[in-house]
$ cat structure-v1.txt   # compact mmCIF, C-alpha atoms (C1' of nucleotides)
# COMPACT_ATOMS: atom_id res chain seq x y z
CA MET W 623 -14.10 3.95 -27.42
CA ASN W 624 -10.59 5.01 -26.49
CA ILE W 625 -9.20 4.76 -22.99
CA GLY W 626 -9.94 8.41 -22.20
CA SER W 627 -13.61 7.94 -22.96
CA VAL W 628 -14.08 4.82 -20.83
CA SER W 629 -12.01 6.49 -18.12
CA ALA W 630 -14.46 9.40 -18.00
CA GLN W 631 -17.48 7.11 -18.08
CA SER W 632 -16.27 4.54 -15.56
CA GLY W 633 -14.62 6.94 -13.15
CA LEU W 634 -11.35 5.01 -13.27
CA SER W 635 -8.12 6.71 -14.30
CA ALA W 636 -6.48 5.68 -17.56
CA LYS W 637 -3.55 4.43 -15.49
CA THR W 638 -5.84 2.21 -13.49
CA ILE W 639 -7.50 0.83 -16.59
CA ARG W 640 -4.13 -0.07 -18.11
CA TYR W 641 -3.25 -1.73 -14.84
CA TYR W 642 -6.49 -3.72 -14.90
CA GLU W 643 -5.60 -4.89 -18.38
CA ASP W 644 -2.12 -5.86 -17.15
CA ILE W 645 -3.56 -8.08 -14.45
CA GLY W 646 -6.13 -9.56 -16.79
CA LEU W 647 -9.37 -8.02 -15.56
CA VAL W 648 -10.24 -6.55 -18.94
CA LYS W 649 -9.06 -7.45 -22.44
CA PRO W 650 -9.78 -4.55 -24.80
CA LEU W 651 -9.17 -4.97 -28.53
CA ARG W 652 -6.56 -2.87 -30.30
CA ASP W 653 -7.00 -0.52 -33.24
CA THR W 654 -4.53 -0.58 -36.11
CA ASN W 655 -2.73 2.34 -34.49
CA GLY W 656 -2.21 0.34 -31.30
CA TYR W 657 -4.78 2.25 -29.29
CA ARG W 658 -6.99 0.21 -26.97
CA SER W 659 -10.51 -0.11 -28.32
CA PHE W 660 -13.19 -0.70 -25.70
CA GLN W 661 -16.63 -2.07 -26.43
CA GLU W 662 -19.78 -1.63 -24.37
CA LYS W 663 -19.14 -4.84 -22.52
CA GLU W 664 -15.71 -3.73 -21.36
CA LEU W 665 -17.14 -0.41 -20.24
CA HIS W 666 -19.71 -2.28 -18.14
CA LYS W 667 -16.98 -4.35 -16.58
CA LEU W 668 -14.91 -1.26 -15.75
CA THR W 669 -17.91 0.44 -14.19
CA PHE W 670 -18.55 -2.73 -12.23
CA LEU W 671 -14.94 -2.73 -11.05
CA SER W 672 -15.11 0.93 -10.08
CA ARG W 673 -18.19 0.33 -7.91
CA ALA W 674 -16.90 -2.88 -6.37
CA ARG W 675 -13.56 -1.28 -5.46
CA ALA W 676 -15.43 1.65 -3.92
CA LEU W 677 -17.19 -0.89 -1.70
CA GLY W 678 -13.83 -2.14 -0.50
CA PHE W 679 -13.64 -5.40 -2.43
CA THR W 680 -10.06 -6.43 -3.15
CA ILE W 681 -8.87 -6.95 -6.70
CA GLU W 682 -9.10 -10.70 -6.21
CA ASP W 683 -12.67 -10.36 -4.93
CA CYS W 684 -13.39 -8.31 -8.02
CA ARG W 685 -11.91 -11.01 -10.23
CA ALA W 686 -14.24 -13.58 -8.66
CA LEU W 687 -17.24 -11.25 -8.84
CA LEU W 688 -16.54 -10.44 -12.48
CA ALA W 689 -16.43 -14.14 -13.30
CA LEU W 690 -19.84 -14.54 -11.68
CA TYR W 691 -21.05 -11.37 -13.39
CA GLU W 692 -20.28 -12.95 -16.73
CA ASP W 693 -21.54 -16.41 -15.88
CA GLU W 694 -25.21 -16.64 -16.77
CA THR W 695 -25.52 -19.93 -14.89
CA ARG W 696 -24.15 -18.57 -11.60
CA ALA W 697 -25.90 -19.13 -8.27
CA SER W 698 -26.66 -15.88 -6.47
CA ALA W 699 -25.58 -17.65 -3.28
CA ASP W 700 -21.96 -17.51 -4.49
CA VAL W 701 -22.14 -13.76 -4.95
CA LYS W 702 -23.86 -13.30 -1.63
CA ARG W 703 -21.16 -15.29 0.19
CA ILE W 704 -18.35 -13.09 -1.17
CA ALA W 705 -20.32 -9.97 -0.28
CA GLN W 706 -20.98 -11.24 3.23
CA GLU W 707 -17.30 -11.97 3.76
CA GLN W 708 -16.50 -8.45 2.67
CA LEU W 709 -19.18 -7.10 4.98
CA GLN W 710 -17.53 -8.93 7.87
CA MET W 711 -14.16 -7.41 6.99
CA ILE W 712 -15.78 -3.99 6.95
CA GLU W 713 -17.44 -4.61 10.29
CA LYS W 714 -14.14 -5.69 11.81
CA LYS W 715 -12.45 -2.57 10.49
CA LEU W 716 -15.28 -0.47 11.88
CA VAL W 717 -14.76 -1.94 15.34
CA ASP W 718 -11.00 -1.38 15.16
CA LEU W 719 -11.43 2.19 13.99
CA GLN W 720 -14.04 2.89 16.61
CA ASN W 721 -11.66 1.64 19.30
CA MET W 722 -8.87 3.83 17.95
CA HIS W 723 -11.29 6.71 17.88
CA ASP W 724 -12.39 6.24 21.47
CA THR W 725 -8.86 5.85 22.80
CA LEU W 726 -7.51 8.84 20.94
CA SER W 727 -10.53 10.94 21.71
CA HIS W 728 -10.13 10.21 25.40
CA LEU W 729 -6.44 11.11 25.32
CA ILE W 730 -7.19 14.36 23.55
CA ASP W 731 -9.79 15.28 26.14
CA GLU W 732 -7.22 14.83 28.88
CA CYS W 733 -4.66 17.08 27.24
CA ALA W 734 -4.70 20.76 28.16
CA GLY W 735 -3.31 21.77 24.79
CA ASP W 736 -1.51 24.84 26.03
CA HIS W 737 2.07 26.10 26.20
CA ARG W 738 3.07 23.77 29.02
CA PRO W 739 4.94 20.55 28.27
CA ASP W 740 2.80 18.22 30.41
CA CYS W 741 0.89 15.97 28.06
CA PRO W 742 -1.18 12.88 28.90
CA ILE W 743 -1.05 11.81 25.25
CA LEU W 744 2.72 11.44 25.24
CA LYS W 745 2.71 10.09 28.76
CA ASP W 746 0.26 7.35 27.90
CA LEU W 747 1.91 6.38 24.65
CA GLY W 748 5.28 6.05 26.37
CA LYS W 749 3.99 4.14 29.37
CA VAL W 750 5.95 0.91 29.99
CA MET B 1043 19.29 -5.65 25.23
CA ASN B 1044 19.40 -7.43 21.90
CA ILE B 1045 16.81 -6.91 19.22
CA GLY B 1046 14.85 -10.05 20.20
CA SER B 1047 14.40 -8.77 23.71
CA VAL B 1048 13.15 -5.31 22.75
CA SER B 1049 10.97 -6.92 20.10
CA ALA B 1050 9.23 -9.04 22.75
CA GLN B 1051 8.88 -6.10 25.11
CA SER B 1052 7.69 -3.52 22.59
CA GLY B 1053 5.47 -5.80 20.55
CA LEU B 1054 7.22 -4.85 17.31
CA SER B 1055 8.82 -7.49 15.11
CA ALA B 1056 12.60 -7.52 14.77
CA LYS B 1057 12.13 -6.73 11.09
CA THR B 1058 10.10 -3.66 11.95
CA ILE B 1059 12.66 -2.47 14.46
CA ARG B 1060 15.45 -2.78 11.89
CA TYR B 1061 13.25 -0.85 9.50
CA TYR B 1062 12.69 1.87 12.10
CA GLU B 1063 16.45 2.15 12.49
CA ASP B 1064 16.83 2.38 8.70
CA ILE B 1065 14.46 5.33 8.53
CA GLY B 1066 16.07 6.99 11.54
CA LEU B 1067 13.41 6.60 14.22
CA VAL B 1068 15.77 4.82 16.61
CA LYS B 1069 19.56 4.74 16.78
CA PRO B 1070 20.68 1.75 18.87
CA LEU B 1071 24.36 1.32 19.72
CA ARG B 1072 26.29 -1.68 18.44
CA ASP B 1073 28.14 -4.34 20.40
CA THR B 1074 31.61 -5.42 19.32
CA ASN B 1075 30.03 -8.40 17.53
CA GLY B 1076 27.87 -6.06 15.44
CA TYR B 1077 24.64 -6.82 17.31
CA ARG B 1078 22.33 -3.89 18.02
CA SER B 1079 22.42 -2.91 21.66
CA PHE B 1080 19.28 -1.16 22.93
CA GLN B 1081 19.11 0.89 26.09
CA GLU B 1082 16.03 1.69 28.19
CA LYS B 1083 15.42 4.90 26.31
CA GLU B 1084 15.30 3.14 22.97
CA LEU B 1085 12.91 0.57 24.38
CA HIS B 1086 10.62 3.39 25.53
CA LYS B 1087 10.71 4.92 22.09
CA LEU B 1088 9.87 1.60 20.44
CA THR B 1089 6.96 1.04 22.81
CA PHE B 1090 5.82 4.56 22.06
CA LEU B 1091 6.01 3.82 18.33
CA SER B 1092 4.11 0.58 18.74
CA ARG B 1093 1.25 2.34 20.54
CA ALA B 1094 1.16 5.32 18.22
CA ARG B 1095 1.09 3.11 15.12
CA ALA B 1096 -1.72 1.08 16.69
CA LEU B 1097 -3.67 4.33 16.95
CA GLY B 1098 -3.24 4.86 13.23
CA PHE B 1099 -0.59 7.55 13.28
CA THR B 1100 1.59 7.48 10.16
CA ILE B 1101 5.34 7.03 10.43
CA GLU B 1102 5.81 10.73 9.78
CA ASP B 1103 3.31 11.57 12.53
CA CYS B 1104 5.31 9.27 14.78
CA ARG B 1105 8.52 11.04 13.86
CA ALA B 1106 6.98 14.36 14.88
CA LEU B 1107 5.46 12.92 18.05
CA LEU B 1108 8.77 11.32 19.03
CA ALA B 1109 10.52 14.66 18.60
CA LEU B 1110 7.96 16.22 20.95
CA TYR B 1111 8.26 13.22 23.28
CA GLU B 1112 11.95 13.94 23.65
CA ASP B 1113 11.63 17.70 23.82
CA GLU B 1114 11.23 18.76 27.44
CA THR B 1115 10.28 22.28 26.39
CA ARG B 1116 7.42 21.20 24.08
CA ALA B 1117 3.96 22.76 24.26
CA SER B 1118 1.23 20.19 24.77
CA ALA B 1119 -0.80 22.14 22.22
CA ASP B 1120 1.52 20.85 19.49
CA VAL B 1121 0.88 17.26 20.48
CA LYS B 1122 -2.83 17.87 20.77
CA ARG B 1123 -3.00 19.35 17.29
CA ILE B 1124 -1.36 16.29 15.69
CA ALA B 1125 -3.67 14.02 17.64
CA GLN B 1126 -6.72 16.00 16.61
CA GLU B 1127 -5.73 15.83 12.95
CA GLN B 1128 -5.40 12.07 13.31
CA LEU B 1129 -8.77 11.92 15.01
CA GLN B 1130 -10.30 13.72 12.07
CA MET B 1131 -8.74 11.23 9.65
CA ILE B 1132 -10.18 8.41 11.71
CA GLU B 1133 -13.60 10.02 11.77
CA LYS B 1134 -13.55 10.45 8.01
CA LYS B 1135 -12.59 6.81 7.55
CA LEU B 1136 -15.38 5.81 9.92
CA VAL B 1137 -17.92 7.67 7.83
CA ASP B 1138 -16.61 6.11 4.61
CA LEU B 1139 -16.62 2.64 6.09
CA GLN B 1140 -20.10 3.12 7.50
CA ASN B 1141 -21.35 4.15 4.07
CA MET B 1142 -19.73 1.10 2.50
CA HIS B 1143 -21.28 -1.01 5.20
CA ASP B 1144 -24.77 0.36 4.67
CA THR B 1145 -24.63 0.04 0.89
CA LEU B 1146 -23.26 -3.48 0.95
CA SER B 1147 -25.58 -4.53 3.73
CA HIS B 1148 -28.56 -3.30 1.76
CA LEU B 1149 -27.43 -5.14 -1.37
CA ILE B 1150 -26.95 -8.36 0.58
CA ASP B 1151 -30.43 -8.09 2.05
CA GLU B 1152 -31.89 -7.85 -1.44
CA CYS B 1153 -30.10 -10.95 -2.68
CA ALA B 1154 -31.92 -14.26 -2.39
CA GLY B 1155 -28.67 -16.19 -2.11
CA ASP B 1156 -29.97 -19.37 -3.70
CA HIS B 1157 -29.20 -21.48 -6.77
CA ARG B 1158 -30.78 -19.00 -9.19
CA PRO B 1159 -28.60 -16.58 -11.14
CA ASP B 1160 -30.66 -13.43 -10.48
CA CYS B 1161 -28.63 -11.21 -8.22
CA PRO B 1162 -29.30 -7.60 -7.22
CA ILE B 1163 -25.69 -7.25 -6.06
CA LEU B 1164 -24.27 -7.88 -9.53
CA LYS B 1165 -27.09 -5.97 -11.16
CA ASP B 1166 -26.45 -2.89 -9.09
CA LEU B 1167 -22.69 -2.95 -9.45
CA GLY B 1168 -22.97 -3.21 -13.21
CA LYS B 1169 -25.64 -0.55 -13.60
CA VAL B 1170 -24.68 2.12 -16.18
C1' DC C 1039 0.88 21.87 -45.86
C1' DC C 1040 2.44 22.60 -41.35
C1' DT C 1041 2.00 23.16 -36.66
C1' DT C 1042 -0.05 22.78 -32.28
C1' DG C 1043 -1.91 20.46 -28.65
C1' DA C 1044 -4.54 16.69 -26.96
C1' DC C 1045 -4.47 12.05 -26.82
C1' DC C 1046 -2.32 7.56 -26.95
C1' DT C 1047 1.71 4.07 -26.32
C1' DT C 1048 5.41 1.60 -23.41
C1' DC C 1049 8.69 1.76 -19.81
C1' DC C 1050 10.44 2.23 -15.39
C1' DC C 1051 10.58 3.99 -10.81
C1' DC C 1052 8.00 5.56 -6.54
C1' DC C 1053 4.59 5.38 -2.60
C1' DC C 1054 3.53 3.07 2.52
C1' DA C 1055 5.00 0.16 6.03
C1' DC C 1056 6.53 -3.38 6.28
C1' DT C 1057 7.41 -8.96 5.32
C1' DG C 1058 9.93 -13.01 3.47
C1' DG C 1059 13.89 -15.23 2.32
C1' DA C 1060 18.83 -16.18 1.20
C1' DA C 1061 23.36 -16.40 2.78
C1' DC C 1062 26.14 -15.78 6.29
C1' DC C 1063 28.09 -14.90 11.32
C1' DC C 1064 27.87 -15.61 16.53
C1' DC C 1065 26.96 -17.81 21.00
C1' DT C 1066 25.75 -21.41 24.16
C1' DA C 1067 24.79 -26.19 25.51
C1' DT C 1068 25.64 -30.78 24.97
C1' DA Z 415 32.23 -31.00 17.06
C1' DT Z 416 27.75 -30.02 16.36
C1' DA Z 417 23.12 -28.41 16.71
C1' DG Z 418 20.10 -24.83 17.57
C1' DG Z 419 18.81 -20.46 18.21
C1' DG Z 420 20.13 -15.98 18.13
C1' DG Z 421 22.03 -12.13 15.13
C1' DT Z 422 23.68 -9.57 10.52
C1' DT Z 423 23.16 -7.78 5.56
C1' DC Z 424 20.84 -7.27 1.26
C1' DC Z 425 17.37 -8.04 -2.31
C1' DA Z 426 12.67 -8.62 -3.72
C1' DG Z 427 7.80 -8.39 -3.16
C1' DT Z 428 3.19 -6.95 -1.29
C1' DG Z 429 -1.61 -3.84 -3.03
C1' DG Z 430 -3.22 -0.75 -5.92
C1' DG Z 431 -2.00 2.06 -8.40
C1' DG Z 432 0.59 7.32 -9.45
C1' DG Z 433 4.30 10.24 -11.80
C1' DG Z 434 6.72 11.24 -15.47
C1' DA Z 435 9.89 10.42 -19.64
C1' DA Z 436 10.23 9.47 -24.49
C1' DG Z 437 7.87 8.92 -28.32
C1' DG Z 438 3.76 7.81 -31.86
C1' DT Z 439 -1.05 9.59 -33.64
C1' DC Z 440 -4.86 12.46 -34.75
C1' DA Z 441 -7.94 16.51 -35.66
C1' DA Z 442 -8.33 21.40 -36.06
C1' DG Z 443 -6.62 25.92 -37.17
C1' DG Z 444 -3.57 29.11 -39.79

$ encode --input "structure-v1.txt" --output "structure tokens"
Amino acid sequence: MNIGSVSAQSGLSAKTIRYYEDIGLVKPLRDTNGYRSFQEKELHKLTFLSRARALGFTIEDCRALLALYEDETRASADVKRIAQEQLQMIEKKLVDLQNMHDTLSHLIDECAGDHRPDCPILKDLGKV
Amino acid sequence: MNIGSVSAQSGLSAKTIRYYEDIGLVKPLRDTNGYRSFQEKELHKLTFLSRARALGFTIEDCRALLALYEDETRASADVKRIAQEQLQMIEKKLVDLQNMHDTLSHLIDECAGDHRPDCPILKDLGKV
DNA sequence: CCTTGACCTTCCCCCCACTGGAACCCCTAT
DNA sequence: ATAGGGGTTCCAGTGGGGGGAAGGTCAAGG
């Protein structure tokens, strides 16, 4: 399979796949013409990466997860720990975003939103 | 006021304040020794920027908001519109994060997390 | 056989919003 | 005189790729 094919199947752009090769996440073979030649296993890894990234795992998380993915003697506890750490990050971000949301939402409610210059949003943001 | 002073008062790092000058958000005067010299107005703007950034506004949003902040003839509707757009971005991110959270949380629940290699997290991420 | 157009290659720069660090200057206290 | 804590500039790097140039390769159509 060429890069275009695995790109379509994995949902990753060709650019991204080349980047993943650069940083050592995948190691496709090369044809005599220099084209990357992906085998089933590499396609699985790329699909794995695509899903893991979509769940917010960092590249380094993905590297660790991929190592476990390929290690038949892994302990599922190791995978679960990484996933739980990521879940905590997500939960923290959710709290932060929810706070932003509430603050901004409140400010917006206070603002008349008309032709007059008086604006609680600006007033609050500039408060000393 | 020197940069250290406005940094402490605004909550922005000195590095960030220099960066904000670079990109034209603030324009402090200079002392004869070359030090930046901030006046009250600049401090207000920096505090404004600090708050707005904390609410997730981009630098370009901040630039627009600052222009409105300084424009005595603004219409509050213009401010409200920018804020509402930002609120929508935040709400979209909240939905995405919540979806990530639910998916990951479900996967974690399924995983035994013991010494055995069987792991629904890896299995699901690698599914074709 | 030639051309066309889709695909592939490497290379380098760009994005956001900073952060770190080097090398140097300035000011005050001891 | 020196030590230390300011300040200054400039260069490079972060994460996770994207855009686009300049060029090689391949299959199909005329």

$ calpha_fit_and_write --input "structure-v1.txt" --fixed "chain B" --moving "chain W" --output "PDB file with C-alpha atoms, in the frame of the given file"
ATOM      1  CA  MET W 623      19.286  -5.621  25.261  1.00  0.00           C
ATOM      2  CA  ASN W 624      19.387  -7.381  21.914  1.00  0.00           C
ATOM      3  CA  ILE W 625      16.784  -6.891  19.226  1.00  0.00           C
ATOM      4  CA  GLY W 626      14.857 -10.023  20.216  1.00  0.00           C
ATOM      5  CA  SER W 627      14.392  -8.751  23.742  1.00  0.00           C
ATOM      6  CA  VAL W 628      13.130  -5.292  22.773  1.00  0.00           C
ATOM      7  CA  SER W 629      10.970  -6.942  20.122  1.00  0.00           C
ATOM      8  CA  ALA W 630       9.248  -9.041  22.789  1.00  0.00           C
ATOM      9  CA  GLN W 631       8.874  -6.092  25.141  1.00  0.00           C
ATOM     10  CA  SER W 632       7.699  -3.527  22.601  1.00  0.00           C
ATOM     11  CA  GLY W 633       5.471  -5.812  20.575  1.00  0.00           C
ATOM     12  CA  LEU W 634       7.220  -4.857  17.340  1.00  0.00           C
ATOM     13  CA  SER W 635       8.821  -7.496  15.137  1.00  0.00           C
ATOM     14  CA  ALA W 636      12.596  -7.521  14.777  1.00  0.00           C
ATOM     15  CA  LYS W 637      12.076  -6.737  11.096  1.00  0.00           C
ATOM     16  CA  THR W 638      10.064  -3.679  11.976  1.00  0.00           C
ATOM     17  CA  ILE W 639      12.642  -2.481  14.463  1.00  0.00           C
ATOM     18  CA  ARG W 640      15.415  -2.775  11.876  1.00  0.00           C
ATOM     19  CA  TYR W 641      13.212  -0.855   9.493  1.00  0.00           C
ATOM     20  CA  TYR W 642      12.665   1.871  12.088  1.00  0.00           C
ATOM     21  CA  GLU W 643      16.414   2.136  12.466  1.00  0.00           C
ATOM     22  CA  ASP W 644      16.768   2.363   8.673  1.00  0.00           C
ATOM     23  CA  ILE W 645      14.420   5.321   8.509  1.00  0.00           C
ATOM     24  CA  GLY W 646      16.024   6.986  11.496  1.00  0.00           C
ATOM     25  CA  LEU W 647      13.389   6.589  14.194  1.00  0.00           C
ATOM     26  CA  VAL W 648      15.745   4.826  16.578  1.00  0.00           C
ATOM     27  CA  LYS W 649      19.542   4.756  16.751  1.00  0.00           C
ATOM     28  CA  PRO W 650      20.656   1.777  18.844  1.00  0.00           C
ATOM     29  CA  LEU W 651      24.337   1.360  19.705  1.00  0.00           C
ATOM     30  CA  ARG W 652      26.284  -1.627  18.425  1.00  0.00           C
ATOM     31  CA  ASP W 653      28.162  -4.259  20.401  1.00  0.00           C
ATOM     32  CA  THR W 654      31.619  -5.353  19.307  1.00  0.00           C
ATOM     33  CA  ASN W 655      30.018  -8.310  17.551  1.00  0.00           C
ATOM     34  CA  GLY W 656      27.851  -5.987  15.464  1.00  0.00           C
ATOM     35  CA  TYR W 657      24.648  -6.774  17.313  1.00  0.00           C
ATOM     36  CA  ARG W 658      22.328  -3.852  18.025  1.00  0.00           C
ATOM     37  CA  SER W 659      22.407  -2.865  21.677  1.00  0.00           C
ATOM     38  CA  PHE W 660      19.273  -1.143  22.945  1.00  0.00           C
ATOM     39  CA  GLN W 661      19.097   0.928  26.095  1.00  0.00           C
ATOM     40  CA  GLU W 662      16.034   1.697  28.190  1.00  0.00           C
ATOM     41  CA  LYS W 663      15.433   4.902  26.317  1.00  0.00           C
ATOM     42  CA  GLU W 664      15.287   3.155  22.960  1.00  0.00           C
ATOM     43  CA  LEU W 665      12.911   0.575  24.382  1.00  0.00           C
ATOM     44  CA  HIS W 666      10.619   3.392  25.535  1.00  0.00           C
ATOM     45  CA  LYS W 667      10.705   4.917  22.095  1.00  0.00           C
ATOM     46  CA  LEU W 668       9.864   1.589  20.439  1.00  0.00           C
ATOM     47  CA  THR W 669       6.973   1.034  22.817  1.00  0.00           C
ATOM     48  CA  PHE W 670       5.818   4.555  22.061  1.00  0.00           C
ATOM     49  CA  LEU W 671       6.007   3.818  18.340  1.00  0.00           C
ATOM     50  CA  SER W 672       4.114   0.560  18.746  1.00  0.00           C
ATOM     51  CA  ARG W 673       1.250   2.317  20.552  1.00  0.00           C
ATOM     52  CA  ALA W 674       1.153   5.297  18.218  1.00  0.00           C
ATOM     53  CA  ARG W 675       1.072   3.065  15.126  1.00  0.00           C
ATOM     54  CA  ALA W 676      -1.732   1.044  16.709  1.00  0.00           C
ATOM     55  CA  LEU W 677      -3.675   4.305  16.968  1.00  0.00           C
ATOM     56  CA  GLY W 678      -3.262   4.824  13.247  1.00  0.00           C
ATOM     57  CA  PHE W 679      -0.603   7.529  13.274  1.00  0.00           C
ATOM     58  CA  THR W 680       1.558   7.443  10.156  1.00  0.00           C
ATOM     59  CA  ILE W 681       5.303   7.001  10.406  1.00  0.00           C
ATOM     60  CA  GLU W 682       5.767  10.706   9.764  1.00  0.00           C
ATOM     61  CA  ASP W 683       3.287  11.542  12.530  1.00  0.00           C
ATOM     62  CA  CYS W 684       5.281   9.242  14.765  1.00  0.00           C
ATOM     63  CA  ARG W 685       8.493  11.028  13.840  1.00  0.00           C
ATOM     64  CA  ALA W 686       6.946  14.353  14.866  1.00  0.00           C
ATOM     65  CA  LEU W 687       5.456  12.894  18.046  1.00  0.00           C
ATOM     66  CA  LEU W 688       8.764  11.302  19.005  1.00  0.00           C
ATOM     67  CA  ALA W 689      10.512  14.641  18.586  1.00  0.00           C
ATOM     68  CA  LEU W 690       7.975  16.197  20.943  1.00  0.00           C
ATOM     69  CA  TYR W 691       8.263  13.204  23.267  1.00  0.00           C
ATOM     70  CA  GLU W 692      11.953  13.915  23.626  1.00  0.00           C
ATOM     71  CA  ASP W 693      11.659  17.678  23.819  1.00  0.00           C
ATOM     72  CA  GLU W 694      11.248  18.699  27.439  1.00  0.00           C
ATOM     73  CA  THR W 695      10.311  22.233  26.396  1.00  0.00           C
ATOM     74  CA  ARG W 696       7.466  21.163  24.091  1.00  0.00           C
ATOM     75  CA  ALA W 697       4.008  22.738  24.244  1.00  0.00           C
ATOM     76  CA  SER W 698       1.271  20.169  24.780  1.00  0.00           C
ATOM     77  CA  ALA W 699      -0.763  22.128  22.230  1.00  0.00           C
ATOM     78  CA  ASP W 700       1.545  20.835  19.475  1.00  0.00           C
ATOM     79  CA  VAL W 701       0.913  17.242  20.474  1.00  0.00           C
ATOM     80  CA  LYS W 702      -2.794  17.840  20.783  1.00  0.00           C
ATOM     81  CA  ARG W 703      -2.974  19.342  17.280  1.00  0.00           C
ATOM     82  CA  ILE W 704      -1.352  16.280  15.674  1.00  0.00           C
ATOM     83  CA  ALA W 705      -3.656  13.991  17.639  1.00  0.00           C
ATOM     84  CA  GLN W 706      -6.712  15.986  16.615  1.00  0.00           C
ATOM     85  CA  GLU W 707      -5.721  15.810  12.962  1.00  0.00           C
ATOM     86  CA  GLN W 708      -5.386  12.068  13.289  1.00  0.00           C
ATOM     87  CA  LEU W 709      -8.750  11.895  15.020  1.00  0.00           C
ATOM     88  CA  GLN W 710     -10.300  13.708  12.065  1.00  0.00           C
ATOM     89  CA  MET W 711      -8.738  11.229   9.645  1.00  0.00           C
ATOM     90  CA  ILE W 712     -10.161   8.400  11.717  1.00  0.00           C
ATOM     91  CA  GLU W 713     -13.582  10.010  11.775  1.00  0.00           C
ATOM     92  CA  LYS W 714     -13.523  10.440   8.010  1.00  0.00           C
ATOM     93  CA  LYS W 715     -12.567   6.805   7.557  1.00  0.00           C
ATOM     94  CA  LEU W 716     -15.351   5.796   9.920  1.00  0.00           C
ATOM     95  CA  VAL W 717     -17.901   7.664   7.818  1.00  0.00           C
ATOM     96  CA  ASP W 718     -16.581   6.118   4.601  1.00  0.00           C
ATOM     97  CA  LEU W 719     -16.614   2.636   6.077  1.00  0.00           C
ATOM     98  CA  GLN W 720     -20.062   3.115   7.507  1.00  0.00           C
ATOM     99  CA  ASN W 721     -21.331   4.152   4.076  1.00  0.00           C
ATOM    100  CA  MET W 722     -19.723   1.107   2.482  1.00  0.00           C
ATOM    101  CA  HIS W 723     -21.255  -1.006   5.192  1.00  0.00           C
ATOM    102  CA  ASP W 724     -24.746   0.360   4.673  1.00  0.00           C
ATOM    103  CA  THR W 725     -24.617   0.040   0.896  1.00  0.00           C
ATOM    104  CA  LEU W 726     -23.258  -3.478   0.941  1.00  0.00           C
ATOM    105  CA  SER W 727     -25.550  -4.545   3.722  1.00  0.00           C
ATOM    106  CA  HIS W 728     -28.543  -3.308   1.766  1.00  0.00           C
ATOM    107  CA  LEU W 729     -27.427  -5.141  -1.368  1.00  0.00           C
ATOM    108  CA  ILE W 730     -26.947  -8.341   0.578  1.00  0.00           C
ATOM    109  CA  ASP W 731     -30.422  -8.078   2.050  1.00  0.00           C
ATOM    110  CA  GLU W 732     -31.880  -7.841  -1.433  1.00  0.00           C
ATOM    111  CA  CYS W 733     -30.106 -10.935  -2.694  1.00  0.00           C
ATOM    112  CA  ALA W 734     -31.914 -14.255  -2.382  1.00  0.00           C
ATOM    113  CA  GLY W 735     -28.663 -16.170  -2.117  1.00  0.00           C
ATOM    114  CA  ASP W 736     -29.961 -19.336  -3.696  1.00  0.00           C
ATOM    115  CA  HIS W 737     -29.203 -21.438  -6.768  1.00  0.00           C
ATOM    116  CA  ARG W 738     -30.784 -18.992  -9.197  1.00  0.00           C
ATOM    117  CA  PRO W 739     -28.615 -16.557 -11.145  1.00  0.00           C
ATOM    118  CA  ASP W 740     -30.672 -13.410 -10.475  1.00  0.00           C
ATOM    119  CA  CYS W 741     -28.628 -11.188  -8.213  1.00  0.00           C
ATOM    120  CA  PRO W 742     -29.291  -7.567  -7.222  1.00  0.00           C
ATOM    121  CA  ILE W 743     -25.679  -7.227  -6.073  1.00  0.00           C
ATOM    122  CA  LEU W 744     -24.265  -7.864  -9.530  1.00  0.00           C
ATOM    123  CA  LYS W 745     -27.084  -5.961 -11.157  1.00  0.00           C
ATOM    124  CA  ASP W 746     -26.440  -2.871  -9.086  1.00  0.00           C
ATOM    125  CA  LEU W 747     -22.686  -2.954  -9.448  1.00  0.00           C
ATOM    126  CA  GLY W 748     -22.980  -3.220 -13.226  1.00  0.00           C
ATOM    127  CA  LYS W 749     -25.627  -0.542 -13.590  1.00  0.00           C
ATOM    128  CA  VAL W 750     -24.658   2.120 -16.166  1.00  0.00           C
TER     129      VAL W 750
END

$ closest_residue --input "structure-v1.txt" --among "Z:DA415, Z:DA441, Z:DC425, Z:DA436" --to "DA1060 in chain C" --atoms "all atoms listed in the file"
Z:DC425

$ closest_atom_pairs --input "structure-v1.txt" --of "chain B" --to "chain W" --cutoff "6 Å" --atoms "all atoms listed in the file" --output "JSON lines"
{"residue": "B:Phe1090", "atom": "CA", "partner": "W:Gly748", "partner_atom": "CA", "distance": 4.6}
{"residue": "B:Arg1093", "atom": "CA", "partner": "W:Leu747", "partner_atom": "CA", "distance": 5.8}
{"residue": "B:Leu1097", "atom": "CA", "partner": "W:Met722", "partner_atom": "CA", "distance": 5.3}
{"residue": "B:Thr1115", "atom": "CA", "partner": "W:Pro739", "partner_atom": "CA", "distance": 5.9}
{"residue": "B:Arg1116", "atom": "CA", "partner": "W:Pro739", "partner_atom": "CA", "distance": 4.9}
{"residue": "B:Ala1117", "atom": "CA", "partner": "W:His737", "partner_atom": "CA", "distance": 4.3}
{"residue": "B:Ser1118", "atom": "CA", "partner": "W:Gly735", "partner_atom": "CA", "distance": 4.8}
{"residue": "B:Ala1119", "atom": "CA", "partner": "W:Gly735", "partner_atom": "CA", "distance": 3.6}
{"residue": "B:Lys1122", "atom": "CA", "partner": "W:Gly735", "partner_atom": "CA", "distance": 5.6}
{"residue": "B:Met1142", "atom": "CA", "partner": "W:Leu677", "partner_atom": "CA", "distance": 5.3}
{"residue": "B:Gly1155", "atom": "CA", "partner": "W:Ala699", "partner_atom": "CA", "distance": 3.6}
{"residue": "B:Asp1156", "atom": "CA", "partner": "W:Ala699", "partner_atom": "CA", "distance": 4.7}
{"residue": "B:His1157", "atom": "CA", "partner": "W:Ala697", "partner_atom": "CA", "distance": 4.3}
{"residue": "B:Arg1158", "atom": "CA", "partner": "W:Ala697", "partner_atom": "CA", "distance": 5.0}
{"residue": "B:Pro1159", "atom": "CA", "partner": "W:Ala697", "partner_atom": "CA", "distance": 4.7}
{"residue": "B:Cys1161", "atom": "CA", "partner": "W:Ser698", "partner_atom": "CA", "distance": 5.4}
{"residue": "B:Leu1167", "atom": "CA", "partner": "W:Phe670", "partner_atom": "CA", "distance": 5.0}
{"residue": "B:Gly1168", "atom": "CA", "partner": "W:Phe670", "partner_atom": "CA", "distance": 4.6}
